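A.B. asks: Structure provided below as structure tokens; questions to follow.
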Amino acid sequence: VLRGDKMKNKANWLLPAICFAIFLLMILKADLVIAGAYAGIEICLYTVFPSLFPFIFLSSLLTDATAGLSIPFLKPLGRLCGIPAGSESIFLAGILGGYPAGAQAVAQQHKAGHISSQQANHLLRFCNNAGPAFIFGIIGSILKDIRLAFIIWIIHTLSAIITGWLFANSTNTGKIKIKPSSLDVVSTLHRTVKTMAKICGWVILFRMLISIFDYYVLEHLPANIGTIICGILELSNGCIRLKNMDIAYIFVASSLLLSFGGICVWMQTASIIKPLNLQHFCLGKCVQSVISVLICFILSPILFDCSYYIAIIGCVLLSAYIGVMKKSSSILKLSRV
């Protein structure tokens with residue numbers, strides 16, 4: 001018991017110690033912090049707000065307007081991925097709206113009482129993704145090839161569907177419960193503005209932290225490794241740094257970063273899904289990022305001048321990975337029973 005108390009005390013001191021260390025570094029390099037804050041505000045004003053605000057607003061209206069309606073062409077996808085009948089539009093919001101529009105749609109339906117906590121946690125695993133506006137706007141401009149950007153978007157969508165299928169089970173399905181309510185555009189607008197404020201707050205904070213981390217750590221690492229670490233912390237900054245890399249590396253690395261989302265996106269998601277569990281979202285993003293990379297390995301010899309052994313290895317690894325995941329899911333289902 002005493003040992004457990006000591007470990008708990010150490011854990012309680014860990015976060016304050018980290019905060020104090022970051023605080024000291026920010027004082028020593030105040031100019032970098034201010035520049036990072038300016039960069040974060042600029043990105044929010046000229047990139048994040050224009051690209052995300054209309055999508056989050058429209059996706060909120062879409063999920064409200066279509067709640068309880070079974071969309072015929074999405075029914076097979078719903079059955080495959082364990083999406084409750086009548087909430088298939090949440091997947092559309094998650095694949096078209098961009099981070100974190102999908103999470104907002106899930107949280108919105110959960111708070112309205114349309115889906116249970118278990119169903120919402122399942123949907124969070126695969127219904128919150130990078131949108132086409134980001135993929136074609138940022139990744140497309142870096143690759144300078146709209147066809148490759150389209151392939152990356154297809155991979156991103158396919159990996160989300162496979163992730164949903166891997167975690168699907170009968171307890172997540174059923175028809176959603178609809179409570180009578182009218183479509184309220186004003187409330188949707190207010191909700192969207194609050195969501196955007198949370199998103200921009202996290203973007204500015206991470207820009208400030210990355211400016212410090214970049215100076216003390218990333219500059220001393222190989223460019224490829226530094227770019228991946230930066231993207232794991234904050235998606236847009238990491239993707240922009242890919243522009244000086246080899247095109248095959250950009251193809252694989254961008255798919256990895258887009259599916260993972262980045263810690264900044266994770267924090268944005270956490271701020272809008274309470275009281276749902278962020279662990280389910282994080283697990284889904286990790287699984288989806290692995291699937292995306294394996295699919296990229298399979299396609300790389302076809303798209304680039306790479307050895308076909310990479311494709312063979314990719315096929316074997318993807319098949320093995322899906323087999324292990326489905327076996328693990330089956331064991332989890334049996335343990336619940």
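By convention in this document, the chains of the structure tokens carry letters A, B, ... by their order, each chain's residues are numbered from 1, and ligands are numbered from 1 in the order they are shown.
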Report the closest atom pair, with its distance in Å rounded to one decimal, for each residue of stretch 117-140 of chain A that has an atom no farther than 10 Å from stretch 274-282 of chain A; count only C-alpha atoms, sort by chain and then rising residue number, and write it as CSV.

C.D. replies:
```
residue,atom,partner,partner_atom,distance
A:Ser117,CA,A:Leu276,CA,6.8
A:Gln118,CA,A:Leu276,CA,9.0
A:Ala120,CA,A:Leu276,CA,7.5
A:Asn121,CA,A:His280,CA,5.9
A:His122,CA,A:His280,CA,7.0
A:Leu123,CA,A:Phe281,CA,8.4
A:Leu124,CA,A:Phe281,CA,5.1
A:Arg125,CA,A:Phe281,CA,4.5
A:Phe126,CA,A:Phe281,CA,7.6
A:Cys127,CA,A:Phe281,CA,9.1
A:Asn128,CA,A:Phe281,CA,8.3
```

A.B. asks: Using all heavy atoms, can you write the selected residues to a file as an mmCIF file, in the first residue's frame?

C.D. replies:
```cif
data_model
loop_
_atom_site.group_PDB
_atom_site.id
_atom_site.type_symbol
_atom_site.label_atom_id
_atom_site.label_comp_id
_atom_site.auth_asym_id
_atom_site.auth_seq_id
_atom_site.Cartn_x
_atom_site.Cartn_y
_atom_site.Cartn_z
ATOM 1 N N SER A 117 -24.043 5.444 -25.005
ATOM 2 C CA SER A 117 -22.611 5.717 -24.793
ATOM 3 C C SER A 117 -21.752 4.682 -25.505
ATOM 4 O O SER A 117 -20.725 5.015 -26.094
ATOM 5 C CB SER A 117 -22.291 5.729 -23.296
ATOM 6 O OG SER A 117 -22.954 6.785 -22.644
ATOM 7 N N GLN A 118 -22.179 3.410 -25.462
ATOM 8 C CA GLN A 118 -21.425 2.349 -26.121
ATOM 9 C C GLN A 118 -21.405 2.554 -27.640
ATOM 10 O O GLN A 118 -20.355 2.386 -28.282
ATOM 11 C CB GLN A 118 -22.021 0.984 -25.781
ATOM 12 C CG GLN A 118 -21.197 -0.182 -26.300
ATOM 13 C CD GLN A 118 -21.727 -1.525 -25.839
ATOM 14 O OE1 GLN A 118 -22.769 -1.592 -25.194
ATOM 15 N NE2 GLN A 118 -21.023 -2.590 -26.168
ATOM 16 N N ALA A 120 -21.809 5.429 -29.204
ATOM 17 C CA ALA A 120 -21.044 6.647 -29.474
ATOM 18 C C ALA A 120 -19.546 6.381 -29.415
ATOM 19 O O ALA A 120 -18.782 6.846 -30.277
ATOM 20 C CB ALA A 120 -21.426 7.739 -28.472
ATOM 21 N N ASN A 121 -19.107 5.612 -28.402
ATOM 22 C CA ASN A 121 -17.680 5.297 -28.293
ATOM 23 C C ASN A 121 -17.197 4.481 -29.493
ATOM 24 O O ASN A 121 -16.071 4.664 -29.969
ATOM 25 C CB ASN A 121 -17.411 4.525 -26.997
ATOM 26 C CG ASN A 121 -17.448 5.417 -25.766
ATOM 27 O OD1 ASN A 121 -17.054 6.580 -25.817
ATOM 28 N ND2 ASN A 121 -17.923 4.878 -24.657
ATOM 29 N N HIS A 122 -18.052 3.585 -29.979
ATOM 30 C CA HIS A 122 -17.695 2.810 -31.174
ATOM 31 C C HIS A 122 -17.568 3.727 -32.396
ATOM 32 O O HIS A 122 -16.601 3.617 -33.166
ATOM 33 C CB HIS A 122 -18.753 1.740 -31.430
ATOM 34 C CG HIS A 122 -18.586 1.034 -32.745
ATOM 35 N ND1 HIS A 122 -17.474 0.282 -33.052
ATOM 36 C CD2 HIS A 122 -19.384 0.988 -33.850
ATOM 37 C CE1 HIS A 122 -17.590 -0.206 -34.271
ATOM 38 N NE2 HIS A 122 -18.741 0.210 -34.777
ATOM 39 N N LEU A 123 -18.503 4.637 -32.587
ATOM 40 C CA LEU A 123 -18.469 5.544 -33.737
ATOM 41 C C LEU A 123 -17.247 6.472 -33.687
ATOM 42 O O LEU A 123 -16.699 6.838 -34.733
ATOM 43 C CB LEU A 123 -19.753 6.371 -33.797
ATOM 44 C CG LEU A 123 -21.039 5.591 -34.105
ATOM 45 C CD1 LEU A 123 -22.255 6.502 -33.989
ATOM 46 C CD2 LEU A 123 -20.981 4.969 -35.488
ATOM 47 N N LEU A 124 -16.820 6.845 -32.486
ATOM 48 C CA LEU A 124 -15.649 7.710 -32.355
ATOM 49 C C LEU A 124 -14.392 7.060 -32.912
ATOM 50 O O LEU A 124 -13.460 7.757 -33.327
ATOM 51 C CB LEU A 124 -15.425 8.077 -30.886
ATOM 52 C CG LEU A 124 -16.291 9.184 -30.294
ATOM 53 C CD1 LEU A 124 -16.020 9.334 -28.807
ATOM 54 C CD2 LEU A 124 -16.041 10.512 -31.016
ATOM 55 N N ARG A 125 -14.352 5.734 -32.938
ATOM 56 C CA ARG A 125 -13.150 5.043 -33.399
ATOM 57 C C ARG A 125 -12.862 5.269 -34.874
ATOM 58 O O ARG A 125 -11.719 5.195 -35.311
ATOM 59 C CB ARG A 125 -13.284 3.538 -33.129
ATOM 60 C CG ARG A 125 -13.313 3.164 -31.654
ATOM 61 C CD ARG A 125 -13.411 1.652 -31.497
ATOM 62 N NE ARG A 125 -13.505 1.282 -30.091
ATOM 63 C CZ ARG A 125 -14.451 0.512 -29.576
ATOM 64 N NH1 ARG A 125 -15.399 0.011 -30.361
ATOM 65 N NH2 ARG A 125 -14.466 0.213 -28.304
ATOM 66 N N PHE A 126 -13.913 5.532 -35.680
ATOM 67 C CA PHE A 126 -13.667 5.608 -37.123
ATOM 68 C C PHE A 126 -14.451 6.716 -37.830
ATOM 69 O O PHE A 126 -14.307 6.890 -39.044
ATOM 70 C CB PHE A 126 -13.991 4.256 -37.786
ATOM 71 C CG PHE A 126 -15.443 3.859 -37.720
ATOM 72 C CD1 PHE A 126 -16.264 4.042 -38.824
ATOM 73 C CD2 PHE A 126 -15.984 3.306 -36.571
ATOM 74 C CE1 PHE A 126 -17.602 3.674 -38.768
ATOM 75 C CE2 PHE A 126 -17.315 2.935 -36.509
ATOM 76 C CZ PHE A 126 -18.129 3.124 -37.614
ATOM 77 N N CYS A 127 -15.262 7.481 -37.116
ATOM 78 C CA CYS A 127 -16.099 8.509 -37.747
ATOM 79 C C CYS A 127 -15.567 9.925 -37.561
ATOM 80 O O CYS A 127 -16.316 10.894 -37.719
ATOM 81 C CB CYS A 127 -17.535 8.424 -37.204
ATOM 82 S SG CYS A 127 -18.458 7.011 -37.816
ATOM 83 N N ASN A 128 -14.301 10.070 -37.229
ATOM 84 C CA ASN A 128 -13.697 11.392 -37.087
ATOM 85 C C ASN A 128 -12.394 11.388 -37.877
ATOM 86 O O ASN A 128 -11.415 10.764 -37.452
ATOM 87 C CB ASN A 128 -13.442 11.703 -35.606
ATOM 88 C CG ASN A 128 -13.054 13.142 -35.377
ATOM 89 O OD1 ASN A 128 -13.496 14.043 -36.077
ATOM 90 N ND2 ASN A 128 -12.200 13.375 -34.387
#
```

A.B. asks: Which distance in Å separates atom CA of A:Ile41 and atom CA of A:Ala197, to one decimal?

C.D. replies: 11.5 Å

A.B. asks: Taking only C-alpha atoms into account, name the residue in A:Lys144, A:Lys198, A:Arg241, A:Arg191 that is nearest to A:Ala105.

C.D. replies: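 Among the listed residues, the smallest separation from A:Ala105 belongs to A:Arg191.
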
A.B. asks: List the spatial neighbours of A:Ile151 as number ranges by chain - criterion: any atom at most 10 Å away, only C-alpha atoms, same-chain residues fewer than 5 positions off excluded.

C.D. replies: A: 146, 156-157, 251, 255, 296, 299

A.B. asks: The selected residues should be written to file as a JSON list (two decimals), in the first residue's frame (atoms: N, CA and C atoms).

C.D. replies:
```json
[["chain", "number", "residue", "atom", "x", "y", "z"],
["A", 146, "ILE", "N", -2.97, 16.10, -58.13],
["A", 146, "ILE", "CA", -4.29, 15.93, -57.55],
["A", 146, "ILE", "C", -4.71, 14.46, -57.53],
["A", 156, "HIS", "N", -7.45, 6.91, -46.92],
["A", 156, "HIS", "CA", -7.90, 7.42, -45.62],
["A", 156, "HIS", "C", -9.32, 6.95, -45.32],
["A", 157, "THR", "N", -10.20, 7.02, -46.30],
["A", 157, "THR", "CA", -11.58, 6.59, -46.14],
["A", 157, "THR", "C", -11.67, 5.08, -45.95],
["A", 251, "PHE", "N", 3.93, 10.35, -49.63],
["A", 251, "PHE", "CA", 2.74, 9.52, -49.82],
["A", 251, "PHE", "C", 2.45, 8.68, -48.57],
["A", 255, "SER", "N", -0.21, 9.79, -45.23],
["A", 255, "SER", "CA", -1.29, 8.86, -44.88],
["A", 255, "SER", "C", -1.24, 8.49, -43.41],
["A", 296, "CYS", "N", -0.53, 1.75, -48.09],
["A", 296, "CYS", "CA", 0.45, 2.54, -48.86],
["A", 296, "CYS", "C", 1.62, 1.69, -49.32],
["A", 299, "LEU", "N", 0.53, -0.22, -52.35],
["A", 299, "LEU", "CA", 0.35, 0.58, -53.56],
["A", 299, "LEU", "C", 1.64, 1.25, -54.05]]
```

A.B. asks: With only C-alpha atoms as the basis for distance, which of A:Ile232, A:Ile240, A:Ile162, A:Ala35 is at the shortest distance from A:Cys264?

C.D. replies: A:Ile232

A.B. asks: Do a neighbour search on A:Ile152 at 10 Å with only C-alpha atoms, toss out local chain neighbours closer than 6 positions, and write the hits as a ChimeraX atom specification.

C.D. replies: /A:132,135-136,139-140,146,158,251-252,254-255,258,292,296

A.B. asks: Next, the residues of the selection above should be written as a compact mmCIF listing (two decimals), in the first residue's frame with all heavy atoms.

C.D. replies:
```txt
# COMPACT_ATOMS: atom_id res chain seq x y z
N PRO A 132 -11.67 16.25 -47.00
CA PRO A 132 -11.10 16.45 -48.33
C PRO A 132 -10.55 17.85 -48.53
O PRO A 132 -9.60 18.04 -49.30
CB PRO A 132 -12.28 16.18 -49.27
CG PRO A 132 -13.51 16.33 -48.42
CD PRO A 132 -13.10 15.91 -47.04
N ILE A 135 -7.04 17.57 -47.20
CA ILE A 135 -6.22 16.64 -47.99
C ILE A 135 -5.88 17.23 -49.36
O ILE A 135 -4.73 17.23 -49.79
CB ILE A 135 -6.93 15.29 -48.14
CG1 ILE A 135 -7.05 14.62 -46.77
CG2 ILE A 135 -6.18 14.38 -49.12
CD1 ILE A 135 -7.86 13.34 -46.77
N PHE A 136 -6.90 17.77 -50.06
CA PHE A 136 -6.65 18.31 -51.38
C PHE A 136 -5.95 19.67 -51.31
O PHE A 136 -5.16 20.01 -52.19
CB PHE A 136 -7.96 18.42 -52.17
CG PHE A 136 -8.51 17.09 -52.59
CD1 PHE A 136 -9.57 16.53 -51.91
CD2 PHE A 136 -7.97 16.40 -53.66
CE1 PHE A 136 -10.09 15.30 -52.29
CE2 PHE A 136 -8.47 15.16 -54.05
CZ PHE A 136 -9.54 14.61 -53.35
N ILE A 139 -2.15 18.59 -48.71
CA ILE A 139 -1.38 17.48 -49.27
C ILE A 139 -1.30 17.58 -50.80
O ILE A 139 -0.26 17.33 -51.40
CB ILE A 139 -1.98 16.13 -48.86
CG1 ILE A 139 -2.12 16.04 -47.34
CG2 ILE A 139 -1.13 14.98 -49.39
CD1 ILE A 139 -0.84 16.18 -46.59
N GLY A 140 -2.42 17.97 -51.43
CA GLY A 140 -2.42 18.12 -52.89
C GLY A 140 -1.44 19.17 -53.37
O GLY A 140 -0.75 18.97 -54.38
N ILE A 146 -2.97 16.10 -58.13
CA ILE A 146 -4.29 15.93 -57.55
C ILE A 146 -4.71 14.46 -57.53
O ILE A 146 -5.49 14.03 -56.67
CB ILE A 146 -5.34 16.79 -58.32
CG1 ILE A 146 -6.58 17.03 -57.45
CG2 ILE A 146 -5.70 16.16 -59.64
CD1 ILE A 146 -6.34 17.92 -56.28
N LEU A 158 -10.92 4.34 -46.78
CA LEU A 158 -10.94 2.88 -46.70
C LEU A 158 -10.41 2.39 -45.36
O LEU A 158 -10.97 1.46 -44.76
CB LEU A 158 -10.10 2.30 -47.85
CG LEU A 158 -10.01 0.77 -47.92
CD1 LEU A 158 -11.39 0.16 -48.11
CD2 LEU A 158 -9.08 0.35 -49.07
N PHE A 251 3.93 10.35 -49.63
CA PHE A 251 2.74 9.52 -49.82
C PHE A 251 2.45 8.68 -48.57
O PHE A 251 1.33 8.66 -48.06
CB PHE A 251 2.94 8.61 -51.04
CG PHE A 251 1.79 7.69 -51.34
CD1 PHE A 251 0.60 8.18 -51.83
CD2 PHE A 251 1.93 6.32 -51.13
CE1 PHE A 251 -0.46 7.32 -52.11
CE2 PHE A 251 0.89 5.46 -51.41
CZ PHE A 251 -0.31 5.96 -51.90
N VAL A 252 3.48 8.00 -48.06
CA VAL A 252 3.31 7.13 -46.89
C VAL A 252 3.15 7.96 -45.62
O VAL A 252 2.25 7.71 -44.81
CB VAL A 252 4.50 6.15 -46.76
CG1 VAL A 252 4.34 5.31 -45.49
CG2 VAL A 252 4.60 5.26 -47.98
N SER A 254 2.24 11.12 -45.13
CA SER A 254 1.01 11.91 -45.04
C SER A 254 -0.18 11.02 -44.69
O SER A 254 -1.06 11.42 -43.91
CB SER A 254 0.75 12.65 -46.36
OG SER A 254 0.58 11.75 -47.44
N SER A 255 -0.21 9.79 -45.23
CA SER A 255 -1.29 8.86 -44.88
C SER A 255 -1.24 8.49 -43.41
O SER A 255 -2.27 8.41 -42.73
CB SER A 255 -1.17 7.58 -45.73
OG SER A 255 -1.45 7.86 -47.09
N LEU A 258 -2.31 11.75 -41.40
CA LEU A 258 -3.73 12.05 -41.56
C LEU A 258 -4.60 11.10 -40.75
O LEU A 258 -5.58 11.52 -40.12
CB LEU A 258 -4.12 11.96 -43.04
CG LEU A 258 -3.61 13.07 -43.95
CD1 LEU A 258 -3.80 12.68 -45.41
CD2 LEU A 258 -4.29 14.39 -43.66
N SER A 292 -3.52 2.35 -42.79
CA SER A 292 -3.20 3.29 -43.87
C SER A 292 -1.78 3.06 -44.39
O SER A 292 -1.55 3.03 -45.61
CB SER A 292 -3.33 4.73 -43.38
OG SER A 292 -4.65 5.06 -43.08
N CYS A 296 -0.53 1.75 -48.09
CA CYS A 296 0.45 2.54 -48.86
C CYS A 296 1.62 1.69 -49.32
O CYS A 296 2.12 1.84 -50.45
CB CYS A 296 0.96 3.71 -48.03
SG CYS A 296 -0.22 5.06 -47.85
```

A.B. asks: Measuring between only C-alpha atoms, which one of A:Ile161, A:Leu209, A:Leu148, A:Ala85 shows the shortest distance to A:His114?

C.D. replies: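 The closest residue to A:His114 is A:Ala85.
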
A.B. asks: Between A:Met267, A:Ile199, A:Trp165, A:Ser319, which is the closest to A:Pro76 once you count only C-alpha atoms?

C.D. replies: A:Trp165

A.B. asks: Rank A:Met208, A:Ser60, A:Phe73, A:Ile142 by their smallest atom-to-atom distance to A:Ile90, using only C-alpha atoms, and report the top residue only.

C.D. replies: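 Closest to A:Ile90, using only C-alpha atoms: A:Ser60.
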
A.B. asks: In Å, how far is it from atom CA of A:Pro54 to atom CA of A:Pro100?

C.D. replies: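 We find that atom CA of A:Pro54 and atom CA of A:Pro100 lie 12.6 Å from each other.
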
A.B. asks: Looking only at alpha helix (DSSP H) from DSSP on the backbone, list the matching residues of stretch 33-82 of chain A as a PyMOL selection string.

C.D. replies: chain A and resi 33-43+49-66+75-81

A.B. asks: Separation of atom CA of A:Phe91 and atom CA of A:Asn169, in Å?

C.D. replies: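 Atom-to-atom, atom CA of A:Phe91 and atom CA of A:Asn169 are spaced 16.8 Å apart.
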
A.B. asks: Let me make sure I understand: among A:Leu221, A:Cys81, A:Ile138, A:Ala39, which one has the smallest atom-to-atom distance to A:Leu242 if we use only C-alpha atoms?

C.D. replies: A:Ile138
